[in-house]
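The file upload_25.txt comes next; it holds compact mmCIF, C-alpha atoms and all ligand atoms.
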```txt
# COMPACT_ATOMS: atom_id res chain seq x y z
CA MET A 36 0.00 0.00 0.00
CA ALA A 37 1.19 3.51 -0.81
CA ASN A 38 2.95 5.62 1.78
CA HIS A 39 1.90 9.25 1.62
CA GLY A 40 4.09 10.30 4.54
CA ARG A 41 1.12 11.67 6.43
CA LEU A 42 2.89 11.01 9.75
CA GLU A 43 6.45 11.49 8.55
CA GLY A 44 8.79 11.96 11.52
CA LYS A 45 6.11 11.56 14.17
CA ILE A 46 6.67 9.47 17.29
CA CYS A 47 3.50 7.61 18.21
CA ILE A 48 2.42 5.32 21.04
CA VAL A 49 -0.53 3.01 20.33
CA THR A 50 -1.80 0.99 23.29
CA GLY A 51 -3.23 -2.50 22.88
CA SER A 52 -1.66 -2.68 19.44
CA THR A 53 -0.84 -6.38 19.26
CA SER A 54 -4.37 -7.10 18.02
CA GLY A 55 -7.51 -5.72 16.44
CA ILE A 56 -8.05 -2.01 15.94
CA GLY A 57 -4.82 -1.02 17.71
CA ARG A 58 -2.75 -3.23 15.45
CA GLY A 59 -4.50 -1.79 12.39
CA ILE A 60 -3.73 1.73 13.61
CA ALA A 61 -0.08 0.94 14.40
CA GLU A 62 0.53 -0.70 11.02
CA LEU A 63 -1.08 2.19 9.11
CA PHE A 64 0.83 4.79 11.16
CA ALA A 65 4.11 3.03 10.37
CA ARG A 66 3.26 2.89 6.65
CA GLU A 67 2.65 6.65 6.79
CA GLY A 68 6.12 7.38 8.11
CA ALA A 69 5.65 7.32 11.90
CA SER A 70 7.94 5.62 14.39
CA VAL A 71 5.44 3.49 16.29
CA ILE A 72 5.74 2.12 19.78
CA ILE A 73 3.69 -1.04 20.09
CA ALA A 74 2.50 -0.73 23.69
CA ALA A 75 0.96 -3.94 24.93
CA ARG A 76 1.30 -6.79 27.38
CA ARG A 77 2.14 -9.77 25.15
CA GLU A 78 5.82 -9.72 24.25
CA ASP A 79 5.66 -12.52 21.66
CA GLU A 80 2.75 -10.92 19.82
CA GLY A 81 4.48 -7.55 20.10
CA ALA A 82 7.61 -8.95 18.47
CA ARG A 83 5.48 -10.35 15.63
CA VAL A 84 3.79 -7.01 14.97
CA VAL A 85 7.13 -5.15 15.09
CA LYS A 86 8.68 -7.66 12.67
CA GLY A 87 5.80 -7.24 10.22
CA ILE A 88 6.34 -3.48 10.26
CA THR A 89 10.14 -3.47 10.08
CA ASP A 90 10.17 -6.17 7.36
CA ASN A 91 8.30 -3.61 5.24
CA GLY A 92 11.07 -1.07 5.85
CA ASN A 93 9.13 0.95 8.42
CA VAL A 94 9.91 1.83 12.05
CA ALA A 95 8.44 0.23 15.18
CA SER A 96 9.50 -1.09 18.55
CA PHE A 97 7.74 -2.93 21.36
CA PHE A 98 7.35 -1.80 24.95
CA GLN A 99 5.56 -3.97 27.48
CA LEU A 100 2.77 -1.83 28.94
CA ASP A 101 -0.02 -2.66 31.35
CA VAL A 102 -2.31 0.33 30.88
CA THR A 103 -3.73 -0.01 34.40
CA ASN A 104 -0.34 0.50 36.01
CA GLU A 105 1.07 3.98 36.59
CA SER A 106 4.72 2.93 36.84
CA SER A 107 4.32 0.94 33.65
CA TRP A 108 3.14 4.16 31.98
CA GLN A 109 6.10 6.10 33.38
CA GLY A 110 8.32 3.34 31.99
CA ILE A 111 7.03 3.71 28.43
CA ILE A 112 7.21 7.49 28.52
CA ASP A 113 10.84 7.36 29.77
CA TYR A 114 11.64 4.75 27.10
CA THR A 115 10.08 6.92 24.38
CA LEU A 116 12.03 10.02 25.42
CA LYS A 117 15.28 8.09 25.67
CA THR A 118 14.83 6.24 22.37
CA TYR A 119 13.05 8.77 20.16
CA LYS A 120 13.70 12.07 22.00
CA ARG A 121 10.05 13.17 22.01
CA LEU A 122 6.41 12.06 21.76
CA ASP A 123 3.92 13.43 19.23
CA VAL A 124 0.90 11.12 19.31
CA LEU A 125 -0.78 8.91 21.90
CA VAL A 126 -3.61 6.57 20.95
CA ASN A 127 -5.38 5.19 24.02
CA ASN A 128 -6.88 2.14 22.36
CA ALA A 129 -6.45 -0.74 24.84
CA GLY A 130 -9.67 -1.90 26.43
CA ILE A 131 -11.79 -4.85 27.44
CA GLY A 132 -15.36 -5.81 26.75
CA PHE A 133 -17.72 -6.93 29.51
CA LEU A 134 -21.19 -8.36 29.19
CA LYS A 135 -23.41 -8.93 32.23
CA PRO A 136 -26.70 -7.71 33.63
CA ILE A 137 -26.26 -4.86 36.11
CA VAL A 138 -27.58 -6.82 39.09
CA GLU A 139 -25.15 -9.69 38.47
CA THR A 140 -22.06 -7.49 38.08
CA THR A 141 -19.73 -7.68 41.07
CA ILE A 142 -17.71 -4.79 42.45
CA PRO A 143 -14.36 -6.37 41.39
CA GLU A 144 -15.72 -6.87 37.86
CA TRP A 145 -16.98 -3.28 37.71
CA ARG A 146 -13.67 -1.92 39.00
CA ASN A 147 -11.67 -4.03 36.54
CA VAL A 148 -13.61 -2.57 33.61
CA MET A 149 -13.11 0.96 34.95
CA ALA A 150 -9.40 0.38 35.61
CA THR A 151 -8.76 -1.03 32.13
CA ASN A 152 -10.98 1.27 30.10
CA VAL A 153 -10.99 4.55 32.04
CA GLU A 154 -8.12 4.79 34.53
CA SER A 155 -5.82 3.71 31.68
CA VAL A 156 -6.78 6.75 29.63
CA PHE A 157 -6.32 9.07 32.62
CA LEU A 158 -2.88 7.56 33.33
CA GLY A 159 -1.86 7.76 29.68
CA VAL A 160 -2.77 11.42 29.42
CA LYS A 161 -1.28 12.25 32.84
CA THR A 162 2.11 10.73 32.00
CA ALA A 163 2.31 11.68 28.30
CA VAL A 164 1.34 15.34 28.58
CA PRO A 165 4.46 16.60 30.40
CA VAL A 166 6.56 15.15 27.58
CA MET A 167 4.26 16.39 24.79
CA LYS A 168 4.45 19.88 26.29
CA LEU A 169 8.17 19.90 25.47
CA ASN A 170 7.15 20.02 21.79
CA GLY A 171 6.09 23.65 22.23
CA LYS A 172 4.26 24.94 19.15
CA ARG A 173 4.50 21.55 17.41
CA GLY A 174 2.19 20.27 20.13
CA GLY A 175 0.74 16.79 20.18
CA SER A 176 -2.34 14.74 19.41
CA ILE A 177 -4.16 12.36 21.72
CA ILE A 178 -6.86 10.06 20.39
CA ASN A 179 -9.01 8.15 22.87
CA ILE A 180 -11.04 5.15 21.74
CA SER A 181 -14.52 5.08 23.23
CA SER A 182 -17.46 3.16 21.69
CA ASN A 183 -20.65 4.04 19.82
CA ILE A 184 -22.42 2.17 22.61
CA VAL A 185 -22.37 5.53 24.40
CA TYR A 186 -24.96 6.66 21.82
CA VAL A 187 -26.80 3.33 21.31
CA PRO A 188 -26.76 1.61 24.71
CA SER A 189 -27.77 -2.03 24.86
CA ALA A 190 -28.59 -4.46 27.65
CA MET A 191 -25.83 -6.13 29.68
CA ASN A 192 -23.39 -3.30 29.00
CA GLY A 193 -23.73 -1.36 32.25
CA ALA A 194 -20.05 -1.39 33.16
CA TYR A 195 -18.69 -1.23 29.60
CA CYS A 196 -20.99 1.56 28.42
CA THR A 197 -20.31 3.58 31.59
CA SER A 198 -16.56 3.20 31.09
CA LYS A 199 -16.75 4.40 27.50
CA GLY A 200 -18.94 7.34 28.47
CA ALA A 201 -16.33 8.28 31.04
CA VAL A 202 -13.62 8.16 28.37
CA ALA A 203 -15.63 10.64 26.32
CA ALA A 204 -16.28 13.01 29.24
CA PHE A 205 -12.65 12.89 30.34
CA SER A 206 -11.44 13.57 26.80
CA HIS A 207 -13.63 16.65 26.44
CA VAL A 208 -12.15 18.09 29.63
CA ALA A 209 -8.63 17.20 28.50
CA ALA A 210 -9.18 18.98 25.18
CA VAL A 211 -10.12 22.18 27.01
CA GLU A 212 -7.37 21.87 29.60
CA LEU A 213 -4.54 21.06 27.17
CA ALA A 214 -5.36 23.47 24.35
CA LYS A 215 -2.98 26.06 25.80
CA ASP A 216 -0.17 23.51 25.37
CA ASN A 217 -1.06 22.90 21.69
CA ILE A 218 -2.19 19.37 22.53
CA ARG A 219 -5.33 18.25 20.72
CA VAL A 220 -7.58 15.55 22.19
CA ASN A 221 -10.25 13.77 20.16
CA ILE A 222 -12.55 10.82 20.66
CA VAL A 223 -13.33 7.95 18.29
CA TYR A 224 -16.45 5.83 18.85
CA PRO A 225 -16.24 2.57 16.85
CA GLY A 226 -19.27 0.46 16.06
CA PHE A 227 -19.03 -3.31 15.60
CA VAL A 228 -15.53 -4.13 14.39
CA ASN A 229 -14.30 -7.60 13.57
CA THR A 230 -11.85 -8.18 16.45
CA ALA A 231 -11.34 -10.50 19.43
CA ILE A 232 -13.29 -8.18 21.72
CA LEU A 233 -16.50 -9.54 20.20
CA ASP A 234 -15.63 -13.10 21.27
CA VAL A 235 -17.60 -12.62 24.48
CA ALA A 236 -20.68 -11.70 22.44
CA TYR A 237 -20.19 -14.77 20.25
CA GLN A 238 -19.99 -16.94 23.37
CA LYS A 239 -23.22 -15.46 24.73
CA ALA A 240 -24.91 -15.98 21.36
CA ALA A 241 -23.82 -19.61 21.34
CA GLU A 242 -25.70 -20.09 24.63
CA THR A 243 -28.91 -19.20 22.80
CA GLY A 244 -28.09 -21.37 19.78
CA ARG A 245 -26.84 -18.64 17.44
CA THR A 246 -23.62 -19.06 15.51
CA LYS A 247 -20.80 -16.52 15.22
CA GLU A 248 -21.59 -16.12 11.51
CA GLU A 249 -25.23 -15.33 12.28
CA LEU A 250 -24.24 -12.74 14.85
CA MET A 251 -21.68 -11.16 12.50
CA ALA A 252 -24.36 -10.87 9.83
CA MET A 253 -26.66 -9.22 12.41
CA PHE A 254 -23.92 -6.77 13.31
CA GLY A 255 -23.62 -5.94 9.61
CA GLU A 256 -27.37 -5.46 9.28
CA SER A 257 -27.34 -3.12 12.27
CA ASN A 258 -25.72 -0.30 10.29
CA LEU A 259 -26.38 1.59 7.06
CA VAL A 260 -23.24 0.38 5.28
CA GLY A 261 -24.39 -3.21 5.75
CA ARG A 262 -21.27 -4.93 7.01
CA ILE A 263 -19.21 -5.31 10.15
CA GLY A 264 -16.23 -2.94 10.39
CA GLU A 265 -12.62 -3.97 9.94
CA PRO A 266 -9.66 -2.47 11.88
CA ILE A 267 -8.56 -0.46 8.82
CA ASP A 268 -11.96 1.30 8.81
CA LEU A 269 -11.00 2.78 12.18
CA ALA A 270 -7.31 3.24 11.40
CA TYR A 271 -7.89 5.81 8.65
CA PRO A 272 -9.96 8.24 10.75
CA VAL A 273 -7.44 7.88 13.59
CA LEU A 274 -4.61 8.59 11.11
CA PHE A 275 -6.33 11.85 10.19
CA LEU A 276 -6.61 12.84 13.85
CA ALA A 277 -2.96 11.97 14.50
CA SER A 278 -1.69 13.95 11.53
CA ASP A 279 -1.29 17.70 11.09
CA GLU A 280 -4.23 17.57 8.65
CA SER A 281 -6.50 17.79 11.69
CA GLY A 282 -4.82 20.86 13.18
CA PHE A 283 -8.19 22.63 13.57
CA VAL A 284 -9.84 19.64 15.29
CA THR A 285 -9.94 19.15 19.04
CA GLY A 286 -12.51 18.03 21.59
CA SER A 287 -14.42 16.44 18.72
CA ASP A 288 -16.44 13.24 18.53
CA PHE A 289 -15.99 10.82 15.63
CA VAL A 290 -18.58 8.05 15.46
CA ILE A 291 -17.18 5.48 13.02
CA ASP A 292 -19.84 2.79 12.90
CA GLY A 293 -21.20 2.49 9.37
CA GLY A 294 -24.14 4.65 10.41
CA GLU A 295 -25.33 2.29 13.14
CA VAL A 296 -26.25 5.19 15.41
CA TRP A 297 -28.75 6.38 12.80
CA LYS A 298 -30.17 2.98 11.92
CA ARG A 299 -30.52 1.75 15.48
CA GLY A 300 -31.86 5.02 16.83
CA GLY A 301 -35.32 4.34 15.40
CA ALA A 302 -38.29 2.31 16.61
CA ASP A 303 -37.32 -0.65 14.40
CA ASP A 304 -34.29 -1.38 16.52
CA ALA A 305 -34.07 -5.09 15.85
CA LEU A 306 -31.04 -5.45 18.05
CA ALA A 307 -32.46 -3.78 21.12
CA LYS A 308 -32.70 -7.02 23.03
CA ASP A 309 -29.35 -8.28 21.87
CA ALA A 310 -26.35 -7.56 23.95
CA ARG A 311 -23.00 -6.64 22.57
P1 LIG A 401 -8.97 -6.38 21.00
O1 LIG A 401 -9.37 -7.24 22.12
O2 LIG A 401 -8.39 -7.00 19.79
O3 LIG A 401 -7.97 -5.23 21.47
C1 LIG A 401 -7.90 -4.74 22.77
C2 LIG A 401 -6.45 -4.76 23.17
O4 LIG A 401 -6.30 -4.14 24.46
C3 LIG A 401 -5.89 -6.18 23.28
O5 LIG A 401 -4.68 -6.28 22.57
C4 LIG A 401 -5.67 -6.36 24.77
O6 LIG A 401 -4.62 -7.25 25.08
C5 LIG A 401 -5.36 -4.92 25.17
N1 LIG A 401 -5.46 -4.73 26.61
C6 LIG A 401 -6.49 -5.05 27.44
N2 LIG A 401 -6.17 -4.79 28.72
C7 LIG A 401 -4.91 -4.27 28.69
C8 LIG A 401 -4.01 -3.84 29.69
N3 LIG A 401 -4.33 -3.85 31.00
N4 LIG A 401 -2.80 -3.36 29.31
C9 LIG A 401 -2.45 -3.33 28.01
N5 LIG A 401 -3.25 -3.77 27.01
C10 LIG A 401 -4.46 -4.23 27.35
O7 LIG A 401 -10.29 -5.55 20.61
P2 LIG A 401 -10.46 -4.22 19.73
O8 LIG A 401 -11.80 -4.28 19.18
O9 LIG A 401 -9.34 -4.03 18.83
O10 LIG A 401 -10.47 -3.09 20.87
C11 LIG A 401 -9.79 -1.87 20.76
C12 LIG A 401 -10.60 -0.75 21.37
O11 LIG A 401 -11.78 -0.52 20.58
C13 LIG A 401 -11.10 -1.06 22.80
O12 LIG A 401 -10.95 0.09 23.60
C14 LIG A 401 -12.56 -1.37 22.58
O13 LIG A 401 -13.34 -1.12 23.73
C15 LIG A 401 -12.90 -0.44 21.43
N6 LIG A 401 -14.11 -0.82 20.71
C16 LIG A 401 -14.16 -1.97 19.96
C17 LIG A 401 -15.32 -2.32 19.29
C18 LIG A 401 -15.43 -3.56 18.46
O14 LIG A 401 -16.54 -3.92 18.04
N7 LIG A 401 -14.35 -4.27 18.18
C19 LIG A 401 -16.52 -1.46 19.35
C20 LIG A 401 -16.35 -0.27 20.15
C21 LIG A 401 -15.19 0.03 20.79
```
Here is a file; write its structure as structure tokens.
Amino acid sequence: MANHGRLEGKICIVTGSTSGIGRGIAELFAREGASVIIAARREDEGARVVKGITDNGNVASFFQLDVTNESSWQGIIDYTLKTYKRLDVLVNNAGIGFLKPIVETTIPEWRNVMATNVESVFLGVKTAVPVMKLNGKRGGSIINISSNIVYVPSAMNGAYCTSKGAVAAFSHVAAVELAKDNIRVNIVYPGFVNTAILDVAYQKAAETGRTKEELMAMFGESNLVGRIGEPIDLAYPVLFLASDESGFVTGSDFVIDGGEVWKRGGADDALAKDAR
């Protein structure tokens, strides 16, 4: 695929980038000239993703990051400064799905979802911003991955939906607070995307006799485009937000869901009873 140099010279951290959407983002960023830090827990998978990128002549390295851990975050920021001398872009992508009725959700389960999906974003911004500030006028770009579930809530998503709503609220505040430092903060809300995070939904569907293929087809029917998303569908909008092309964009909401918000918003919401 062509390299247009849209991120030429930029140093970018992408969390949870050994799989799914994060991997798609990291690979596209690298193709567009960025030096990408694959920030994830699994070292073997990380090495595989880095090899794929460097074999194509592009730049990436792996750093083992647990997004729930503050000293782990300080570690990756120190590593980035030492190795690449600065940080331009942070994509807070890592997250977990969780599917349970509200009354059955335990406090440890609730807190785990909040720690992984919300505290992670807070810690990422808190540790990255002091380094991004050193860029002066060049500034930086932070992209936080929420979910379109914030706009189209469905049953059994109490903890998950709340966590993604918190990501959005936090990001709006961060955009206001960091504008003076030339740091832009934007939010991306994916719809159904074909990644491992949907495995839990497939397992639930199996309990009621539905196959993965049937559920995937339903996910496709839930939006106006008529298919489930792929990681690259999310990677391109995130690329725009990471690049200088989006210099006039901050605090903004990007729902990338094939138009699911519009289709499911109506009275014919066929999926209303189906959990994600
Ligand atoms: P995925 O499961 O492939 O990716 C999530 C990644 O986050 C995994 O690599 C996982 O290991 C990593 N991760 C989880 N906990 C972590 C931790 N403590 N430290 C470091 N890494 C950790 O799934 P996907 O879909 O690529 O998810 C990416 C983001 O997109 C998530 O924030 C998810 O909530 C969001 N999203 C995904 C949707 C979908 O349908 N696939 C829909 C809406 C939002």
**Message:** Within 8 Å of ligand LIG 401 (chain A) (counting all atoms listed in the file), which residues show up? I'd like them as a PyMOL selection string.
**Reply:** chain A and resi 50-58+74-77+100-104+127-132+151-152+155+180-184+195+199+224-233+264+266
Just write the chosen residues, C-alpha atoms, as an mmCIF file, in the coordinates of the input.
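Everything below was put into out32.cif:
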```
data_model
loop_
_atom_site.group_PDB
_atom_site.id
_atom_site.type_symbol
_atom_site.label_atom_id
_atom_site.label_comp_id
_atom_site.auth_asym_id
_atom_site.auth_seq_id
_atom_site.Cartn_x
_atom_site.Cartn_y
_atom_site.Cartn_z
ATOM 1 C CA THR A 50 -1.800 0.990 23.290
ATOM 2 C CA GLY A 51 -3.230 -2.500 22.880
ATOM 3 C CA SER A 52 -1.660 -2.680 19.440
ATOM 4 C CA THR A 53 -0.840 -6.380 19.260
ATOM 5 C CA SER A 54 -4.370 -7.100 18.020
ATOM 6 C CA GLY A 55 -7.510 -5.720 16.440
ATOM 7 C CA ILE A 56 -8.050 -2.010 15.940
ATOM 8 C CA GLY A 57 -4.820 -1.020 17.710
ATOM 9 C CA ARG A 58 -2.750 -3.230 15.450
ATOM 10 C CA ALA A 74 2.500 -0.730 23.690
ATOM 11 C CA ALA A 75 0.960 -3.940 24.930
ATOM 12 C CA ARG A 76 1.300 -6.790 27.380
ATOM 13 C CA ARG A 77 2.140 -9.770 25.150
ATOM 14 C CA LEU A 100 2.770 -1.830 28.940
ATOM 15 C CA ASP A 101 -0.020 -2.660 31.350
ATOM 16 C CA VAL A 102 -2.310 0.330 30.880
ATOM 17 C CA THR A 103 -3.730 -0.010 34.400
ATOM 18 C CA ASN A 104 -0.340 0.500 36.010
ATOM 19 C CA ASN A 127 -5.380 5.190 24.020
ATOM 20 C CA ASN A 128 -6.880 2.140 22.360
ATOM 21 C CA ALA A 129 -6.450 -0.740 24.840
ATOM 22 C CA GLY A 130 -9.670 -1.900 26.430
ATOM 23 C CA ILE A 131 -11.790 -4.850 27.440
ATOM 24 C CA GLY A 132 -15.360 -5.810 26.750
ATOM 25 C CA THR A 151 -8.760 -1.030 32.130
ATOM 26 C CA ASN A 152 -10.980 1.270 30.100
ATOM 27 C CA SER A 155 -5.820 3.710 31.680
ATOM 28 C CA ILE A 180 -11.040 5.150 21.740
ATOM 29 C CA SER A 181 -14.520 5.080 23.230
ATOM 30 C CA SER A 182 -17.460 3.160 21.690
ATOM 31 C CA ASN A 183 -20.650 4.040 19.820
ATOM 32 C CA ILE A 184 -22.420 2.170 22.610
ATOM 33 C CA TYR A 195 -18.690 -1.230 29.600
ATOM 34 C CA LYS A 199 -16.750 4.400 27.500
ATOM 35 C CA TYR A 224 -16.450 5.830 18.850
ATOM 36 C CA PRO A 225 -16.240 2.570 16.850
ATOM 37 C CA GLY A 226 -19.270 0.460 16.060
ATOM 38 C CA PHE A 227 -19.030 -3.310 15.600
ATOM 39 C CA VAL A 228 -15.530 -4.130 14.390
ATOM 40 C CA ASN A 229 -14.300 -7.600 13.570
ATOM 41 C CA THR A 230 -11.850 -8.180 16.450
ATOM 42 C CA ALA A 231 -11.340 -10.500 19.430
ATOM 43 C CA ILE A 232 -13.290 -8.180 21.720
ATOM 44 C CA LEU A 233 -16.500 -9.540 20.200
ATOM 45 C CA GLY A 264 -16.230 -2.940 10.390
ATOM 46 C CA PRO A 266 -9.660 -2.470 11.880
#
```
**Message:** Here is a test: counting all atoms listed in the file, which residue of A:Met167, A:Ile46, A:Ala194, A:Met251 is nearest to Thr141 of chain A?
**Reply:**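 Smallest distance to Thr141 of chain A is found for A:Ala194.
Distance annotation: of A:Leu259, A:Ala214, A:Leu169, A:Ala150, the residue with the minimal separation from Ala201 of chain A is A:Ala150; atom set is only C-alpha atoms.
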**Request:** Mind checking which residues fall within 8 Å of segment 203-209 of chain A, counting only C-alpha atoms, ignoring those fewer than 5 positions away in the same chain, and posting them as a PyMOL selection string?
**Result:** chain A and resi 157+179+181+220-222+286-287
**Asked** Excluding same-chain residues fewer than 2 positions from segment 87-93 of chain A, what lies within 6 Å of it counting all atoms listed in the file, as a list in words?
**Response**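 What passes the distance filter is Ala65, Val84 and Val85 of chain A.
Here the question is which of A:Leu269, A:Leu274, A:Val126, A:Val148 gets nearest to Gly40 of chain A using only C-alpha atoms, and that residue is A:Leu274.
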**Item:** Residue among A:Phe98, A:Trp297, A:Trp145, A:Phe283 lying closest to Thr115 of chain A, counting only C-alpha atoms
**Value:**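 Going through A:Phe98, A:Trp297, A:Trp145, A:Phe283 one by one, the smallest distance to Thr115 of chain A is for A:Phe98.
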**Request:** Work out how far atom CA of Glu242 of chain A is from atom CA of Pro188 of chain A, in Å to one decimal.
**Result:**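 Distance reported for this atom pair: 21.7 Å.
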**Item:** Two-atom distance - atom CA of Leu250 of chain A, atom CA of Val185 of chain A (Å)
**Value:**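 Going from atom CA of Leu250 of chain A over to atom CA of Val185 of chain A covers 20.7 Å.
Minimum atom-to-atom distance to Ala240 of chain A, evaluated using only C-alpha atoms, belongs to A:Leu134 out of A:Tyr119, A:Lys168, A:Phe289, A:Leu134.
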**Counting all atoms listed in the file, the residue of A:Asp123, A:Glu105, A:Glu265, A:Glu62 that sits nearest Lys45 of chain A** =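 Selected residue with least distance to Lys45 of chain A: A:Asp123.
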**Message:** Using all atoms listed in the file - which residues lie no farther than 12 Å from the point (-24.3, -7.9, 11.5) in the file's frame? Write them as an NGL selection string.
**Reply:** :A and (226-229 or 233 or 237 or 246-264 or 292-293 or 295 or 305-306 or 309 or 311)
**Item:** Pairwise distance for atom CA of Val211 of chain A and atom CA of Thr285 of chain A, rounded to one decimal in Å
**Value:**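 Distance between the two atoms: 8.5 Å.
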Could you give me the centre and size, in Å to one decimal, of an axis-aligned box around all listed atoms of segment 78-82 of chain A with 4 Å added on every side, as JSON?
```
{"center_x": 5.2, "center_y": -10.0, "center_z": 21.4, "size_x": 12.9, "size_y": 13.0, "size_z": 13.8}
```
**Request:** May I have the residues within 9 Å of Ile137 of chain A as an NGL selection string, using only C-alpha atoms and disregarding those fewer than 3 positions away in the same chain?
**Result:** :A and (140-141 or 190-194)
May I ask you to restore all heavy atoms in segment 190-197 of chain A and write the result as a PDB file, in the frame of the given file?
```
ATOM      1  N   ALA A 190     -28.548  -3.714  26.393  1.00  0.00           N
ATOM      2  CA  ALA A 190     -28.590  -4.460  27.650  1.00  0.00           C
ATOM      3  C   ALA A 190     -27.270  -5.176  27.928  1.00  0.00           C
ATOM      4  O   ALA A 190     -26.558  -5.545  26.998  1.00  0.00           O
ATOM      5  CB  ALA A 190     -29.724  -5.470  27.611  1.00  0.00           C
ATOM      6  N   MET A 191     -27.006  -5.396  29.192  1.00  0.00           N
ATOM      7  CA  MET A 191     -25.830  -6.130  29.680  1.00  0.00           C
ATOM      8  C   MET A 191     -24.522  -5.366  29.525  1.00  0.00           C
ATOM      9  O   MET A 191     -23.449  -5.917  29.668  1.00  0.00           O
ATOM     10  CB  MET A 191     -25.716  -7.503  29.017  1.00  0.00           C
ATOM     11  CG  MET A 191     -26.908  -8.403  29.300  1.00  0.00           C
ATOM     12  SD  MET A 191     -26.454 -10.120  29.402  1.00  0.00           S
ATOM     13  CE  MET A 191     -26.293 -10.508  27.689  1.00  0.00           C
ATOM     14  N   ASN A 192     -24.607  -4.092  29.196  1.00  0.00           N
ATOM     15  CA  ASN A 192     -23.390  -3.300  29.000  1.00  0.00           C
ATOM     16  C   ASN A 192     -23.231  -2.196  30.045  1.00  0.00           C
ATOM     17  O   ASN A 192     -22.591  -1.183  29.764  1.00  0.00           O
ATOM     18  CB  ASN A 192     -23.404  -2.692  27.594  1.00  0.00           C
ATOM     19  CG  ASN A 192     -22.823  -3.649  26.577  1.00  0.00           C
ATOM     20  OD1 ASN A 192     -21.639  -3.971  26.618  1.00  0.00           O
ATOM     21  ND2 ASN A 192     -23.666  -4.150  25.692  1.00  0.00           N
ATOM     22  N   GLY A 193     -23.790  -2.398  31.219  1.00  0.00           N
ATOM     23  CA  GLY A 193     -23.730  -1.360  32.250  1.00  0.00           C
ATOM     24  C   GLY A 193     -22.319  -0.863  32.522  1.00  0.00           C
ATOM     25  O   GLY A 193     -22.031   0.332  32.428  1.00  0.00           O
ATOM     26  N   ALA A 194     -21.420  -1.784  32.832  1.00  0.00           N
ATOM     27  CA  ALA A 194     -20.050  -1.390  33.160  1.00  0.00           C
ATOM     28  C   ALA A 194     -19.313  -0.872  31.927  1.00  0.00           C
ATOM     29  O   ALA A 194     -18.674   0.185  31.963  1.00  0.00           O
ATOM     30  CB  ALA A 194     -19.298  -2.577  33.777  1.00  0.00           C
ATOM     31  N   TYR A 195     -19.428  -1.607  30.813  1.00  0.00           N
ATOM     32  CA  TYR A 195     -18.690  -1.230  29.600  1.00  0.00           C
ATOM     33  C   TYR A 195     -19.133   0.136  29.080  1.00  0.00           C
ATOM     34  O   TYR A 195     -18.314   1.013  28.796  1.00  0.00           O
ATOM     35  CB  TYR A 195     -18.886  -2.302  28.528  1.00  0.00           C
ATOM     36  CG  TYR A 195     -18.119  -2.039  27.251  1.00  0.00           C
ATOM     37  CD1 TYR A 195     -16.732  -2.183  27.208  1.00  0.00           C
ATOM     38  CD2 TYR A 195     -18.777  -1.639  26.090  1.00  0.00           C
ATOM     39  CE1 TYR A 195     -16.025  -1.937  26.031  1.00  0.00           C
ATOM     40  CE2 TYR A 195     -18.081  -1.388  24.920  1.00  0.00           C
ATOM     41  CZ  TYR A 195     -16.709  -1.545  24.889  1.00  0.00           C
ATOM     42  OH  TYR A 195     -16.005  -1.296  23.723  1.00  0.00           O
ATOM     43  N   CYS A 196     -20.450   0.308  28.958  1.00  0.00           N
ATOM     44  CA  CYS A 196     -20.990   1.560  28.420  1.00  0.00           C
ATOM     45  C   CYS A 196     -20.605   2.738  29.331  1.00  0.00           C
ATOM     46  O   CYS A 196     -20.226   3.808  28.848  1.00  0.00           O
ATOM     47  CB  CYS A 196     -22.501   1.445  28.274  1.00  0.00           C
ATOM     48  SG  CYS A 196     -23.242   2.851  27.454  1.00  0.00           S
ATOM     49  N   THR A 197     -20.687   2.525  30.641  1.00  0.00           N
ATOM     50  CA  THR A 197     -20.310   3.580  31.590  1.00  0.00           C
ATOM     51  C   THR A 197     -18.836   3.942  31.413  1.00  0.00           C
ATOM     52  O   THR A 197     -18.468   5.128  31.411  1.00  0.00           O
ATOM     53  CB  THR A 197     -20.561   3.105  33.034  1.00  0.00           C
ATOM     54  OG1 THR A 197     -21.948   2.769  33.151  1.00  0.00           O
ATOM     55  CG2 THR A 197     -20.215   4.176  34.047  1.00  0.00           C
TER      56      THR A 197
END
```
